[in-house]
Each structure stands twice: as structure tokens, then as C-alpha cells.
Amino acid sequence: MSDAVLFDARDDGIAIITINQPETRNCLSKVVREGLFQAWDRFERDDKLRVAILTGSGEKAFCAGGDLKEMVTTGMKVPPRDMFPVPYDTVELSKPTIAAVNGVAFAGGWMIAQACDLCVASTTAKFAVTEVKVGRSSPWASPLIHMIPQRIMMEILLTGKPITAQRAYEIGLVNRLAEPAELLDKALELAGEILDGAPLSVKAARETVMVSTEMGRSAALIAARHASEYCYNSDDAQEGPRAFAEKRQPDWQGK
């Protein structure tokens, strides 16, 4: 790992990934992109890690988007398909992720925050899809239609104007708000609530949400039942009811 992206593997099963380039507003420069690819791969491969939190250094920016200077230098037209480390898209992940948005999340910054499963935002954070302001495009924003209403999405993409964290919370883009000094604690609290659940149940639950956004009702029900079989047949599926009956905390084994 380089200093551009920090990786903290905690003993409680949470990984904290931090974009550490506040002097460039944590933009997605080449070194940051490489660091994020490495960090996500490390998280996915470590069986002891169950939830990841993605955040940025400093108070001004979570991530201000792509490196526009690089685009000028390279004369970039259509970005290569694998250029940006987007969770569950160009990065293969099977575990839950939380974006802890500490400042502006513009363009590519919105992209990687949107790609995470959940989002906790500082009350001072701002979100914007600014591509129309610089003559670029935002095809990555298409899944946004599963998160917010069409007319709101249309306004955000057509105007490129920022919205506040409060507005992002109101439209369903953000799960929880926190005062700036409490942002990471709030994200860790949410991660801890996920860790309380049985690992295989969490995995099945996440897959259920994802297949529901990809399919019609009947097909999603079939796919979700299939995704849940491994969980139902696990030892943890017996441990949970047993622990409840014995009035104790369950001892999850993830198998």
C-alpha cells in the first residue's frame, strides 16, 4: 500500500480505507486509483475482514472526482473500462461496504460513494455529478435510478449543481448523518450493527437486495431463495435459534 491510500485492518473485522491526498482534494489520480484497487483486493481476500469503510483525509473532500489535469495531459476521451476502482463493478467484492463522506463527493467521488452499499455523511458534506460542467459524461450514474426518484436524478445530472448532505439524506442517497467530528464513529457504529449479524445471513441479505434491483419480482424471488440456501443449511442457522433460546449472544462461525 502507498501513502496515497491508507488501510487499517481492525481486530473487530472492519477495514478502514482512507484516500490520503487532501492537498488534491483526494481526487482519483493514478496513484490513488492504484492504491484503491490494492486496498479493495486486500479487503476481499482477508477472511477476517467483514465490512469496509471508505473515507477521505481532511475535512474538505471525500473525493473531488477524476484528475482533470491528467485528462488534459492524456487527451482522454472515453475512459478505459477498468480505469476507476468502483466497488462491485470494476472491483470484485462480496462483502458490505460503507462510504463515510467527510466533505465534497463530486463526479468520480459521487461515483465511488454511490457504489458502496451504505453511506454515512458529515453534515458539511456535499454531493454533485458535475460532468456537465466540464463537458464529460456520467454513465456510471445509471444505477442511481434504483436509489432516488427519476425527476431528482434528472435534475442532479442535468444541472451539475451540488446538493447538501441533508438533501442527500432526504432523497435516500445517505443512510445516516453525523457531525464532522463524529463521522467515523457513526460509520463504525453502522459497521458494528452489520457485524452483529451472522456472516452468511449478511451475505445472503446483500445478494437479495442486489438481485432485486436487477430482476423482475418473480425472477428476484427465485434468485433470492437460491442465494439463501447456503445460509439456511449452515451451522450458524442452528446456532442463532439455539442462542436465542438459551438467552445468550450467538457465536457465529460463518459456516
# chains A, B, ... in the order shown; residues from 1 in each chain; ligands from 1
$ select_by_dssp --residues "segment 4-196 of chain A" --states "alpha helix (DSSP H)" --output "ChimeraX atom specification"
/A:30-45,68-74,108-115,150-159,165-170,183-195
$ residues_around --residues "segment 172-180 of chain A" --least-positions-apart "3" --cutoff "8 Å" --atoms "only C-alpha atoms" --output "VMD selection string"
chain A and resid 59 102 114 118 to 124 147 to 148 165 to 166 168 to 169 183 186
$ residues_around --residues "Glu44 of chain A" --least-positions-apart "3" --cutoff "9 Å" --atoms "only C-alpha atoms" --output "list in words"
Ala39, Trp40, Asp41, Asp47, Leu49, Arg50, Glu92, Leu93, Ser94 and Lys95 of chain A
$ select_by_dssp --residues "segment 29-207 of chain A" --states "strand (DSSP E or B)" --output "ChimeraX atom specification"
/A:51-56,61-63,66,87,91,97-101,104-106,118-122,126-128,163-164,176-178
$ residues_around --residues "segment 140-143 of chain A" --least-positions-apart "2" --cutoff "12 Å" --atoms "only C-alpha atoms" --output "number ranges by chain"
A: 79, 81, 84-90, 106-116, 128-131, 136-138, 145-150, 153-154, 156-158, 173, 210, 213-214
